[in-house]
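Have a look at final.txt below; it lists compact mmCIF, C-alpha atoms.
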# COMPACT_ATOMS: atom_id res chain seq x y z
CA MET A 52 134.61 141.02 139.94
CA ALA A 53 134.55 144.80 139.58
CA TYR A 54 134.11 145.99 136.01
CA ASP A 55 134.94 149.38 134.48
CA PHE A 56 131.37 149.59 133.17
CA ASP A 57 128.06 147.89 133.79
CA LEU A 58 127.21 148.21 130.10
CA PHE A 59 129.53 148.81 127.14
CA VAL A 60 127.66 149.68 123.94
CA ILE A 61 129.36 149.30 120.55
CA GLY A 62 127.63 151.56 118.05
CA ALA A 63 126.04 154.98 118.59
CA GLY A 64 123.08 154.48 116.28
CA SER A 65 119.44 154.68 117.27
CA GLY A 66 119.32 151.43 119.24
CA GLY A 67 122.68 151.80 120.93
CA VAL A 68 122.08 155.38 122.02
CA ARG A 69 118.62 154.56 123.37
CA ALA A 70 119.94 151.62 125.38
CA ALA A 71 122.89 153.64 126.71
CA ARG A 72 120.86 156.68 127.73
CA PHE A 73 118.20 154.76 129.58
CA ALA A 74 120.62 152.35 131.19
CA ALA A 75 122.53 155.36 132.53
CA GLY A 76 119.25 156.87 133.68
CA PHE A 77 118.55 153.67 135.60
CA GLY A 78 121.83 154.13 137.45
CA ALA A 79 124.18 151.97 135.39
CA LYS A 80 127.73 153.00 134.52
CA VAL A 81 127.72 153.06 130.70
CA ALA A 82 130.17 153.60 127.86
CA VAL A 83 129.46 153.95 124.13
CA ALA A 84 132.07 153.49 121.41
CA GLU A 85 131.52 154.80 117.87
CA SER A 86 134.04 154.84 115.04
CA ARG A 87 132.09 156.78 112.42
CA TYR A 88 129.22 159.11 113.15
CA LEU A 89 126.80 159.67 116.01
CA GLY A 90 123.23 158.71 115.17
CA GLY A 91 124.13 155.74 113.00
CA THR A 92 122.72 154.96 109.58
CA CYS A 93 119.35 156.63 110.16
CA VAL A 94 120.67 160.07 111.01
CA ASN A 95 123.64 160.15 108.65
CA VAL A 96 123.01 158.02 105.56
CA GLY A 97 119.47 156.75 106.02
CA CYS A 98 116.03 157.89 107.11
CA VAL A 99 116.76 161.53 107.90
CA PRO A 100 118.80 162.70 104.88
CA LYS A 101 116.67 160.52 102.61
CA LYS A 102 113.48 162.21 103.82
CA LEU A 103 115.06 165.62 103.29
CA LEU A 104 115.88 164.67 99.70
CA VAL A 105 112.35 163.30 99.27
CA TYR A 106 110.98 166.66 100.37
CA GLY A 107 113.22 168.31 97.80
CA ALA A 108 111.97 166.01 95.06
CA HIS A 109 108.34 166.72 95.98
CA VAL A 110 108.83 170.43 95.28
CA ALA A 111 108.66 169.59 91.57
CA ASP A 112 105.14 168.23 92.10
CA GLU A 113 104.09 171.34 93.99
CA LEU A 114 105.38 173.56 91.21
CA GLU A 115 103.51 171.51 88.61
CA GLN A 116 100.27 171.74 90.57
CA ALA A 117 100.56 175.47 91.32
CA ALA A 118 99.06 176.66 88.04
CA GLY A 119 95.75 174.95 88.82
CA PHE A 120 95.46 177.11 91.92
CA GLY A 121 96.12 180.36 90.06
CA TRP A 122 99.84 180.69 90.63
CA THR A 123 102.02 181.82 87.77
CA LEU A 124 105.64 180.91 88.43
CA GLU A 125 108.80 181.53 86.52
CA GLU A 126 110.62 178.41 85.45
CA GLY A 127 112.27 176.91 88.50
CA HIS A 128 115.93 175.93 88.76
CA PHE A 129 117.19 173.20 91.05
CA ASP A 130 120.70 173.26 92.54
CA TRP A 131 121.91 169.94 93.92
CA GLY A 132 124.84 171.50 95.75
CA THR A 133 122.56 173.76 97.79
CA LEU A 134 120.34 170.88 98.84
CA ILE A 135 123.29 168.71 99.88
CA ALA A 136 124.98 171.55 101.77
CA ASN A 137 121.78 172.30 103.68
CA LYS A 138 121.30 168.58 104.36
CA ASN A 139 124.85 168.31 105.68
CA ARG A 140 124.32 171.23 108.02
CA GLU A 141 121.19 169.61 109.45
CA ILE A 142 122.97 166.27 109.93
CA GLU A 143 125.80 168.03 111.78
CA ARG A 144 123.21 169.62 114.06
CA LEU A 145 121.70 166.22 114.79
CA ASN A 146 125.15 164.73 115.45
CA GLY A 147 125.58 167.38 118.12
CA ILE A 148 122.22 166.57 119.63
CA TYR A 149 123.12 162.89 119.89
CA ARG A 150 126.41 163.79 121.52
CA ASN A 151 124.64 165.97 124.10
CA LEU A 152 122.03 163.28 124.76
CA LEU A 153 124.76 160.81 125.66
CA VAL A 154 127.06 163.09 127.59
CA ASN A 155 124.23 164.75 129.53
CA SER A 156 122.98 161.30 130.48
CA GLY A 157 126.30 160.55 132.14
CA VAL A 158 127.45 158.14 129.43
CA THR A 159 131.17 157.89 128.65
CA LEU A 160 131.57 158.49 124.90
CA LEU A 161 134.59 156.89 123.24
CA GLN A 162 135.19 157.85 119.61
CA GLY A 163 137.11 155.07 117.94
CA HIS A 164 136.76 151.52 116.66
CA ALA A 165 135.77 149.02 119.33
CA ARG A 166 136.92 145.42 119.15
CA ILE A 167 135.80 142.73 121.54
CA THR A 168 138.78 140.92 123.04
CA GLY A 169 136.93 138.68 125.46
CA ALA A 170 133.54 137.94 126.92
CA HIS A 171 133.82 140.97 129.23
CA GLU A 172 136.49 143.07 127.51
CA VAL A 173 136.56 145.67 124.71
CA GLU A 174 139.53 147.47 123.20
CA VAL A 175 139.19 150.99 121.77
CA GLU A 176 142.21 152.69 120.22
CA GLY A 177 144.62 150.50 122.21
CA GLN A 178 142.83 151.03 125.53
CA ARG A 179 141.08 148.06 127.12
CA TYR A 180 137.87 148.29 129.15
CA SER A 181 136.00 145.66 131.10
CA ALA A 182 132.21 145.45 131.23
CA GLU A 183 129.65 143.20 132.85
CA HIS A 184 127.47 143.42 129.73
CA ILE A 185 128.50 144.23 126.15
CA LEU A 186 125.81 145.40 123.72
CA ILE A 187 126.47 145.11 119.98
CA ALA A 188 124.48 147.68 118.01
CA THR A 189 126.73 148.18 114.97
CA GLY A 190 123.96 148.17 112.36
CA GLY A 191 124.18 147.22 108.72
CA TRP A 192 126.13 148.14 105.60
CA PRO A 193 125.10 148.21 101.91
CA GLN A 194 126.37 145.38 99.78
CA VAL A 195 126.95 145.30 96.03
CA PRO A 196 127.09 142.01 94.12
CA ASP A 197 130.56 140.84 93.20
CA ILE A 198 130.51 141.69 89.48
CA PRO A 199 133.18 143.22 87.24
CA GLY A 200 133.09 147.00 87.71
CA LYS A 201 131.33 146.94 91.10
CA GLU A 202 133.72 149.66 92.29
CA LEU A 203 132.12 152.03 89.76
CA ALA A 204 128.72 151.78 91.47
CA VAL A 205 127.50 153.81 94.43
CA THR A 206 125.24 152.88 97.34
CA SER A 207 123.12 154.91 99.74
CA ASN A 208 126.32 155.66 101.69
CA GLU A 209 127.82 157.62 98.78
CA ALA A 210 124.65 158.95 97.15
CA PHE A 211 124.12 161.55 99.86
CA TYR A 212 127.50 163.09 99.04
CA LEU A 213 127.53 163.12 95.23
CA LYS A 214 129.12 166.33 93.97
CA GLU A 215 126.39 166.89 91.42
CA LEU A 216 123.07 165.39 90.36
CA PRO A 217 123.72 162.75 87.68
CA ARG A 218 121.92 163.35 84.40
CA ARG A 219 121.15 159.66 83.89
CA VAL A 220 120.76 157.26 86.83
CA LEU A 221 120.36 153.50 86.83
CA VAL A 222 118.95 152.27 90.16
CA VAL A 223 119.38 148.55 90.81
CA GLY A 224 117.23 146.76 93.35
CA GLY A 225 113.65 145.99 94.28
CA GLY A 226 113.40 146.96 97.94
CA TYR A 227 112.20 150.16 99.54
CA ILE A 228 115.61 151.86 99.33
CA ALA A 229 115.76 151.34 95.58
CA VAL A 230 112.21 152.59 95.06
CA GLU A 231 112.77 155.63 97.26
CA PHE A 232 116.02 156.71 95.61
CA ALA A 233 114.59 156.17 92.13
CA GLY A 234 111.86 158.63 93.10
CA ILE A 235 114.36 161.09 94.52
CA PHE A 236 116.58 161.08 91.45
CA GLN A 237 113.66 161.35 89.05
CA GLY A 238 111.88 164.02 91.10
CA LEU A 239 115.01 166.16 91.12
CA GLY A 240 115.31 165.94 87.34
CA ALA A 241 117.48 162.93 86.51
CA ASP A 242 116.56 160.52 83.73
CA THR A 243 115.94 157.46 85.92
CA THR A 244 115.72 153.74 85.22
CA LEU A 245 114.81 151.25 87.96
CA LEU A 246 116.09 147.76 87.25
CA TYR A 247 115.08 144.71 89.29
CA ARG A 248 115.86 141.03 88.75
CA GLY A 249 112.39 139.89 89.92
CA ASP A 250 108.91 140.15 88.41
CA LEU A 251 107.83 143.11 90.55
CA PHE A 252 109.49 145.24 93.23
CA LEU A 253 108.68 145.47 96.98
CA ARG A 254 108.42 141.74 97.62
CA GLY A 255 106.55 141.14 100.88
CA PHE A 256 104.29 144.17 100.49
CA ASP A 257 100.62 143.79 99.61
CA GLY A 258 100.07 142.82 95.97
CA SER A 259 97.64 145.68 95.33
CA VAL A 260 100.18 148.15 96.71
CA ARG A 261 102.98 146.82 94.53
CA THR A 262 100.91 146.90 91.36
CA HIS A 263 99.46 150.33 92.08
CA LEU A 264 102.88 151.88 92.71
CA LYS A 265 104.22 150.36 89.51
CA GLU A 266 101.39 151.98 87.54
CA GLU A 267 101.89 155.37 89.19
CA LEU A 268 105.67 155.36 88.61
CA GLN A 269 105.07 154.52 84.96
CA LYS A 270 102.63 157.43 84.71
CA ARG A 271 105.44 159.66 85.95
CA GLY A 272 107.67 158.41 83.13
CA MET A 273 110.03 156.24 85.14
CA ASP A 274 111.63 153.45 83.12
CA LEU A 275 110.89 150.23 85.03
CA GLN A 276 112.78 147.14 83.92
CA PHE A 277 111.88 143.89 85.65
CA ASN A 278 113.43 140.44 85.25
CA ALA A 279 116.70 142.19 84.43
CA ASP A 280 120.10 142.11 86.10
CA ILE A 281 123.55 143.58 85.49
CA GLN A 282 126.43 141.35 84.46
CA ARG A 283 129.19 143.98 84.44
CA ILE A 284 129.83 147.73 84.57
CA ASP A 285 132.43 149.50 82.41
CA GLN A 286 133.54 153.11 82.34
CA GLN A 287 133.57 154.68 78.90
CA ASP A 288 135.97 157.25 77.49
CA ASP A 289 133.54 160.13 78.13
CA GLY A 290 133.23 159.15 81.81
CA SER A 291 129.78 157.60 81.49
CA LEU A 292 129.05 154.05 82.64
CA LYS A 293 127.95 151.16 80.48
CA ALA A 294 125.94 148.48 82.25
CA THR A 295 125.84 145.20 80.37
CA LEU A 296 122.83 143.14 81.35
CA LYS A 297 122.70 139.37 81.59
CA ASP A 298 120.41 139.29 78.56
CA GLY A 299 123.05 141.10 76.51
CA ARG A 300 121.45 144.55 76.45
CA GLU A 301 123.51 147.62 77.30
CA LEU A 302 122.34 150.63 79.32
CA ILE A 303 124.28 153.90 79.53
CA ALA A 304 124.18 156.00 82.69
CA ASP A 305 126.18 158.60 84.58
CA CYS A 306 125.53 156.87 87.90
CA VAL A 307 124.74 153.26 88.79
CA PHE A 308 123.12 153.13 92.23
CA TYR A 309 122.89 149.75 93.98
CA ALA A 310 120.29 148.99 96.65
CA THR A 311 120.46 145.21 96.67
CA GLY A 312 120.49 144.46 100.38
CA ARG A 313 122.44 145.19 103.53
CA ARG A 314 124.75 142.99 105.56
CA PRO A 315 125.42 143.14 109.32
CA MET A 316 128.41 145.35 110.15
CA LEU A 317 130.70 142.88 111.94
CA ASP A 318 134.03 143.92 110.40
CA ASN A 319 136.96 143.56 112.83
CA LEU A 320 134.52 143.31 115.73
CA GLY A 321 136.39 140.45 117.39
CA LEU A 322 133.52 137.99 117.59
CA GLU A 323 136.05 135.18 117.16
CA ASN A 324 137.19 135.98 120.70
CA THR A 325 133.74 135.16 122.06
CA GLY A 326 131.11 132.45 121.91
CA VAL A 327 128.79 134.61 119.78
CA GLU A 328 127.23 132.64 116.91
CA LEU A 329 125.77 133.84 113.61
CA ASP A 330 122.60 132.55 111.97
CA ALA A 331 122.38 131.09 108.47
CA ARG A 332 122.07 134.58 106.95
CA GLY A 333 125.16 135.90 108.73
CA PHE A 334 123.36 137.99 111.37
CA ILE A 335 124.06 137.64 115.09
CA ARG A 336 121.94 134.89 116.61
CA VAL A 337 119.93 136.07 119.64
CA ASP A 338 117.05 134.77 121.73
CA GLU A 339 113.80 136.60 122.51
CA GLN A 340 115.64 138.84 124.99
CA TYR A 341 118.46 139.71 122.51
CA GLN A 342 120.90 137.48 124.37
CA THR A 343 123.61 136.02 122.14
CA THR A 344 125.21 132.61 122.64
CA GLU A 345 127.81 134.40 124.82
CA PRO A 346 126.05 135.10 128.14
CA SER A 347 127.60 138.54 128.68
CA ILE A 348 126.94 139.82 125.13
CA ILE A 349 123.66 141.21 123.78
CA ALA A 350 122.81 142.41 120.26
CA ILE A 351 120.00 144.56 118.85
CA GLY A 352 118.99 146.43 115.71
CA ASP A 353 119.96 145.74 112.13
CA VAL A 354 122.84 143.51 113.20
CA ILE A 355 120.36 140.79 114.30
CA GLY A 356 118.40 140.98 111.04
CA ARG A 357 114.86 140.95 112.41
CA VAL A 358 112.88 144.07 111.52
CA GLN A 359 115.42 146.56 110.23
CA LEU A 360 113.65 149.81 111.11
CA THR A 361 114.81 152.64 113.36
CA PRO A 362 111.77 152.63 115.70
CA VAL A 363 112.24 148.88 116.18
CA ALA A 364 115.89 149.36 117.16
CA LEU A 365 114.77 152.05 119.61
CA ALA A 366 112.24 149.68 121.15
CA GLU A 367 114.83 146.90 121.39
CA GLY A 368 117.33 149.27 123.04
CA MET A 369 114.73 150.29 125.59
CA ALA A 370 113.84 146.65 126.29
CA VAL A 371 117.48 145.75 126.92
CA ALA A 372 118.03 148.69 129.28
CA ARG A 373 114.92 147.82 131.26
CA ARG A 374 115.66 144.10 131.44
CA LEU A 375 119.19 144.65 132.74
CA PHE A 376 118.75 147.63 135.03
CA LYS A 377 115.02 148.20 135.65
CA PRO A 378 113.42 144.73 135.37
CA GLU A 379 110.16 145.79 137.00
CA GLN A 380 109.52 147.99 133.93
CA TYR A 381 110.54 145.36 131.37
CA ARG A 382 108.15 144.43 128.58
CA ALA A 383 108.95 142.54 125.41
CA VAL A 384 108.93 144.24 122.02
CA ASP A 385 105.78 143.42 120.05
CA TYR A 386 106.72 142.77 116.43
CA GLN A 387 103.10 142.49 115.28
CA ASN A 388 101.38 145.36 113.47
CA ILE A 389 104.45 147.56 113.02
CA PRO A 390 103.44 150.58 110.90
CA THR A 391 105.79 151.15 107.97
CA ALA A 392 106.20 153.85 105.35
CA VAL A 393 108.02 153.81 102.03
CA PHE A 394 108.81 157.34 100.89
CA SER A 395 108.38 156.59 97.24
CA GLN A 396 106.53 159.01 94.97
CA PRO A 397 103.68 158.55 95.70
CA PRO A 398 104.47 157.20 99.18
CA ILE A 399 103.26 153.97 100.79
CA GLY A 400 101.89 153.45 104.28
CA THR A 401 101.12 149.98 105.60
CA VAL A 402 100.35 148.23 108.88
CA GLY A 403 99.29 144.68 109.67
CA LEU A 404 98.87 141.73 107.34
CA THR A 405 98.87 141.89 103.57
CA GLU A 406 96.06 140.13 101.75
CA GLU A 407 98.50 137.37 100.82
CA GLN A 408 99.74 136.93 104.40
CA ALA A 409 96.21 136.81 105.77
CA LEU A 410 95.19 134.06 103.35
CA GLU A 411 98.39 132.13 104.02
CA ALA A 412 97.67 132.30 107.77
CA GLY A 413 94.28 130.68 107.16
CA HIS A 414 92.02 133.71 107.56
CA LYS A 415 88.85 133.98 105.53
CA VAL A 416 88.99 137.61 104.46
CA GLN A 417 86.99 140.40 102.95
CA ILE A 418 88.88 143.01 100.99
CA PHE A 419 87.87 146.66 100.84
CA GLU A 420 89.67 148.74 98.22
CA SER A 421 89.26 152.28 96.99
CA ARG A 422 91.11 154.09 94.22
CA PHE A 423 90.48 157.77 93.72
CA ARG A 424 92.00 160.99 92.47
CA ALA A 425 92.97 163.19 95.42
CA MET A 426 90.97 166.39 95.85
CA LYS A 427 94.10 168.49 95.53
CA LEU A 428 94.60 167.24 91.98
CA THR A 429 91.09 168.03 90.72
CA LEU A 430 92.17 171.55 89.68
CA THR A 431 95.14 170.16 87.77
CA ASP A 432 95.69 167.84 84.83
CA ILE A 433 97.55 165.30 86.98
CA GLN A 434 95.91 161.86 86.89
CA GLU A 435 97.63 160.25 89.88
CA LYS A 436 95.40 157.90 91.87
CA THR A 437 95.47 157.10 95.59
CA LEU A 438 94.94 153.52 96.77
CA MET A 439 93.45 152.57 100.13
CA LYS A 440 92.86 148.99 101.22
CA LEU A 441 91.57 147.13 104.27
CA VAL A 442 92.01 143.41 104.90
CA VAL A 443 89.25 142.15 107.25
CA ASP A 444 88.75 138.77 108.94
CA VAL A 445 85.24 137.58 108.05
CA GLU A 446 84.72 135.54 111.21
CA THR A 447 85.87 138.11 113.79
CA ASP A 448 85.33 141.34 111.78
CA LYS A 449 88.83 142.32 112.96
CA VAL A 450 90.84 144.58 110.65
CA LEU A 451 93.98 142.61 109.88
CA GLY A 452 95.74 145.09 107.61
CA CYS A 453 95.59 148.67 106.33
CA HIS A 454 97.46 149.71 103.19
CA MET A 455 97.76 153.01 101.32
CA VAL A 456 99.57 154.48 98.34
CA GLY A 457 99.20 158.23 98.07
CA PRO A 458 100.11 161.61 99.57
CA ASP A 459 100.73 161.62 103.34
CA ALA A 460 100.43 157.82 103.54
CA GLY A 461 103.04 157.62 106.28
CA GLU A 462 101.29 160.26 108.39
CA ILE A 463 97.89 158.60 107.99
CA ILE A 464 99.03 155.05 108.68
CA GLN A 465 100.47 155.96 112.11
CA GLY A 466 97.01 156.48 113.58
CA LEU A 467 95.72 153.30 112.01
CA GLY A 468 98.63 151.49 113.65
CA VAL A 469 97.14 152.43 117.02
CA ALA A 470 93.75 151.13 115.90
CA LEU A 471 95.17 147.76 114.83
CA LYS A 472 97.22 147.51 118.02
CA ALA A 473 93.96 147.98 119.93
CA GLY A 474 92.25 145.23 117.90
CA ALA A 475 89.78 147.43 116.02
CA THR A 476 87.00 145.81 114.00
CA LYS A 477 85.60 146.85 110.65
CA GLN A 478 82.39 147.88 112.41
CA GLN A 479 84.38 150.24 114.61
CA PHE A 480 86.03 151.69 111.51
CA ASP A 481 82.56 152.14 109.97
CA GLU A 482 81.21 153.80 113.11
CA THR A 483 84.09 156.28 113.28
CA ILE A 484 83.17 159.67 111.84
CA GLY A 485 85.53 160.83 109.14
CA VAL A 486 87.39 164.12 108.92
CA HIS A 487 86.00 165.86 105.82
CA PRO A 488 87.32 166.65 103.29
CA THR A 489 90.44 164.53 103.64
CA ALA A 490 91.87 161.45 101.99
CA ALA A 491 92.14 159.78 105.40
CA GLU A 492 88.34 159.63 105.81
CA GLU A 493 88.21 157.03 103.05
CA PHE A 494 89.47 154.46 105.55
CA VAL A 495 86.24 154.83 107.56
CA THR A 496 83.82 155.14 104.62
CA MET A 497 84.63 151.98 102.64
CA ARG A 498 81.37 150.11 103.21
CA THR A 499 81.23 147.60 100.37
CA ALA A 500 83.69 144.76 100.03
CA THR A 501 85.37 144.62 96.65
CA ARG A 502 85.99 140.89 97.00
Translate the structure described by the file into structure tokens.
Amino acid sequence: MAYDFDLFVIGAGSGGVRAARFAAGFGAKVAVAESRYLGGTCVNVGCVPKKLLVYGAHVADELEQAAGFGWTLEEGHFDWGTLIANKNREIERLNGIYRNLLVNSGVTLLQGHARITGAHEVEVEGQRYSAEHILIATGGWPQVPDIPGKELAVTSNEAFYLKELPRRVLVVGGGYIAVEFAGIFQGLGADTTLLYRGDLFLRGFDGSVRTHLKEELQKRGMDLQFNADIQRIDQQDDGSLKATLKDGRELIADCVFYATGRRPMLDNLGLENTGVELDARGFIRVDEQYQTTEPSIIAIGDVIGRVQLTPVALAEGMAVARRLFKPEQYRAVDYQNIPTAVFSQPPIGTVGLTEEQALEAGHKVQIFESRFRAMKLTLTDIQEKTLMKLVVDVETDKVLGCHMVGPDAGEIIQGLGVALKAGATKQQFDETIGVHPTAAEEFVTMRTATR
């Protein structure tokens, strides 16, 4: 049978665009349908605008440190509207770049909601198209618990477009998005409370990292409330919000920001017209080659619920394009030792196993930890500490995990990701000459195990 397209991609986010571009480059006839914005979550309401706001929040730190280096500055004034307008302009520029990447690759771009009407058929704005392969790359969507007043809360989708910076913000959640936005709001001048229903945020991260970040956020004056959860939200006569907690306490804020998880974006996608199955968590079930239970349909990225990170979606998109249209270049995505950053304040960088994961996997480990005050802060009164940690297998001397909390953690951990991918040992770390004076050199000068 002759199809309109060899590959029809639903979703123009990172994974979908990567798969479409490279499939077209391999000679396939490709279409991409997108109903919202080009670039997906990352470009529009995720990594990119978040990092821009993080940069903005860090300016406050730079201003505070300036006096120690001899700079006398007049009192600064922050304007939220200017930051958001500049952010919007940059996102529009990136939208245009994504459009050009697709069009210049020979991809047919269809702007409208795509709905699957059969194993090989997609409908967009009333027009039906046939395709040999359909790729679902629709990403995720923030979800707010079903409590009274949930409509009064905002998520990361809305936070990037707030008309003004709230004076008092209540951030709810314990994952990286909650921690990052709490730092953004506080760094830009809002009175910020971070509320989490568990004992300690960032579950799944190394225990030393979690504890260290908690201590540093408390030093910065952030109100951290653990083992707490909201029962309802009510709007008061003055426009403020009253959050009633399950323990009966009441918190007043101008903005309640929820970061309590993301669901796969499957709304009106038409999966009922196919044999695609979902897993127990509601994500699309796929095999190791991203094949769904419908032979002609593939799925990648956040919608499959594996590792929900932009570079992972990019790698999955590339793998799909190669498998379908350039099989001699195909190689599976390696989900081990994926470097990750959390742009909290201070930021986190991590790659490999946590201490807890290493022990659970049966490794006998040595732990190397260092806590120190960064050189840049020695001329200031700021007492922030940096944490660096290595998890080492005693029997093989292999470095199983590298973890950091401190300035430039994300930049530093990228290089260590290469080292772990190559199977570096602690001896090789020790024999590597450090770059002096930097924080990064601490990773190659930790000689004595702390436990």
Report as a PDB file with C-alpha atoms, keeping the file's coordinate frame all protein, DNA and RNA residues lying within 12 Å of Thr499 of chain A, evaluated on all atoms listed in the file, omitting residues in the same chain fewer than 2 positions from it.
ATOM      1  CA  GLN A 417      86.990 140.400 102.950  1.00  0.00           C
ATOM      2  CA  ILE A 418      88.880 143.010 100.990  1.00  0.00           C
ATOM      3  CA  PHE A 419      87.870 146.660 100.840  1.00  0.00           C
ATOM      4  CA  GLU A 420      89.670 148.740  98.220  1.00  0.00           C
ATOM      5  CA  SER A 421      89.260 152.280  96.990  1.00  0.00           C
ATOM      6  CA  LYS A 440      92.860 148.990 101.220  1.00  0.00           C
ATOM      7  CA  LEU A 441      91.570 147.130 104.270  1.00  0.00           C
ATOM      8  CA  VAL A 443      89.250 142.150 107.250  1.00  0.00           C
ATOM      9  CA  LYS A 477      85.600 146.850 110.650  1.00  0.00           C
ATOM     10  CA  ASP A 481      82.560 152.140 109.970  1.00  0.00           C
ATOM     11  CA  PHE A 494      89.470 154.460 105.550  1.00  0.00           C
ATOM     12  CA  VAL A 495      86.240 154.830 107.560  1.00  0.00           C
ATOM     13  CA  THR A 496      83.820 155.140 104.620  1.00  0.00           C
ATOM     14  CA  MET A 497      84.630 151.980 102.640  1.00  0.00           C
ATOM     15  CA  THR A 501      85.370 144.620  96.650  1.00  0.00           C
ATOM     16  CA  ARG A 502      85.990 140.890  97.000  1.00  0.00           C
TER      17      ARG A 502
END
Env of segment 73-78 of chain A: 9 Å cut, atoms = only C-alpha atoms, seq-sep filter 5 positions within chain, self excluded. Answer as a list in words. Leu58, Val68, Ser156, Gly157, Val158, Gly368, Met369, Val371, Ala372, Arg373, Leu375, Phe376 and Lys377 of chain A
Counting only C-alpha atoms, what is within 7 Å of segment 274-280 of chain A, bar same-chain residues fewer than 5 positions away, as JSON, numbers by chain? {"A": [243, 244, 245, 246, 247, 248, 249, 250, 251, 269, 296, 297]}
For Asp444 of chain A, find every residue with an atom within 6 Å (counting only C-alpha atoms), except residues of its own chain fewer than 4 positions away, and show them as number ranges by chain. A: 415-416, 448-449
Counting all atoms listed in the file, the residue of A:Val486, A:Ala204, A:Ala366, A:Leu152 that sits nearest Ser291 of chain A: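 Of A:Val486, A:Ala204, A:Ala366, A:Leu152, the one nearest Ser291 of chain A is A:Ala204, counting all atoms listed in the file.
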Counting only C-alpha atoms, figure out which residue out of A:Gly190, A:Gln340, A:Gly147, A:Leu264 gets nearest to Tyr227 of chain A.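 The shortest atom-to-atom distance to Tyr227 of chain A comes from A:Leu264.
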So, with all atoms listed in the file as the atoms that count, which of A:Ala364, A:Ile433, A:Leu302, A:Ala392 lies closest to Lys270 of chain A?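 For Lys270 of chain A, the nearest of the candidates is A:Ile433.
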Could you please determine the separation between atom CA of Arg179 of chain A and atom CA of Ala53 of chain A in Å, to one decimal place?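 Distance between the two atoms: 14.4 Å.
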Would you mind listing what lies within 6 Å of segment 381-388 of chain A as an NGL selection string, with only C-alpha atoms counted and same-chain residues fewer than 2 positions away left out? :A and (373-374 or 378-379 or 402-403)
Given the choices A:Val175, A:Val456, A:Leu467, A:Ile389, which gets closest to Glu435 of chain A if the distance is worked out from all atoms listed in the file? A:Val456
Quick one: contact table of segment 179-218 of chain A to segment 97-119 of chain A, 9 Å max, nearest atom pair and distance in Å to one decimal per residue, counting all atoms listed in the file, chain and number order, as a tab-separated table?
residue	atom	partner	partner_atom	distance
A:Ser207	CA	A:Gly97	CA	7.5
A:Asn208	CA	A:Gly97	CA	8.2
A:Phe211	CA	A:Pro100	CA	7.4
Between A:Met426, A:Val154, A:Leu451, A:Ile284, which one has atoms that come closest to Ile303 of chain A, using only C-alpha atoms?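 Once distances to Ile303 of chain A are computed over only C-alpha atoms, the minimum belongs to A:Ile284.
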Taking the point (135.1, 141.1, 138.6) as given in the file, collect each protein or nucleic acid residue that comes within 9 Å of it, counting all atoms listed in the file, and present the set as a list in words.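 All residues meeting the 9 Å criterion around (135.1, 141.1, 138.6) are Met52, Ala53, Tyr54, Ser181 and Glu183 of chain A.
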Nearest to Phe56 of chain A: which of A:Gln162, A:Arg422, A:Lys138, A:Glu172 is it, counting all atoms listed in the file? A:Glu172
Atom-to-atom span, atom CA of Leu186 of chain A and atom CA of Ala331 of chain A, Å: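 Pair atom CA of Leu186 of chain A / atom CA of Ala331 of chain A returns 21.2 Å.
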Gap from atom CA of Glu493 of chain A to atom CA of His454 of chain A - Å, one decimal: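 Straight-line distance from atom CA of Glu493 of chain A to atom CA of His454 of chain A works out to 11.8 Å.
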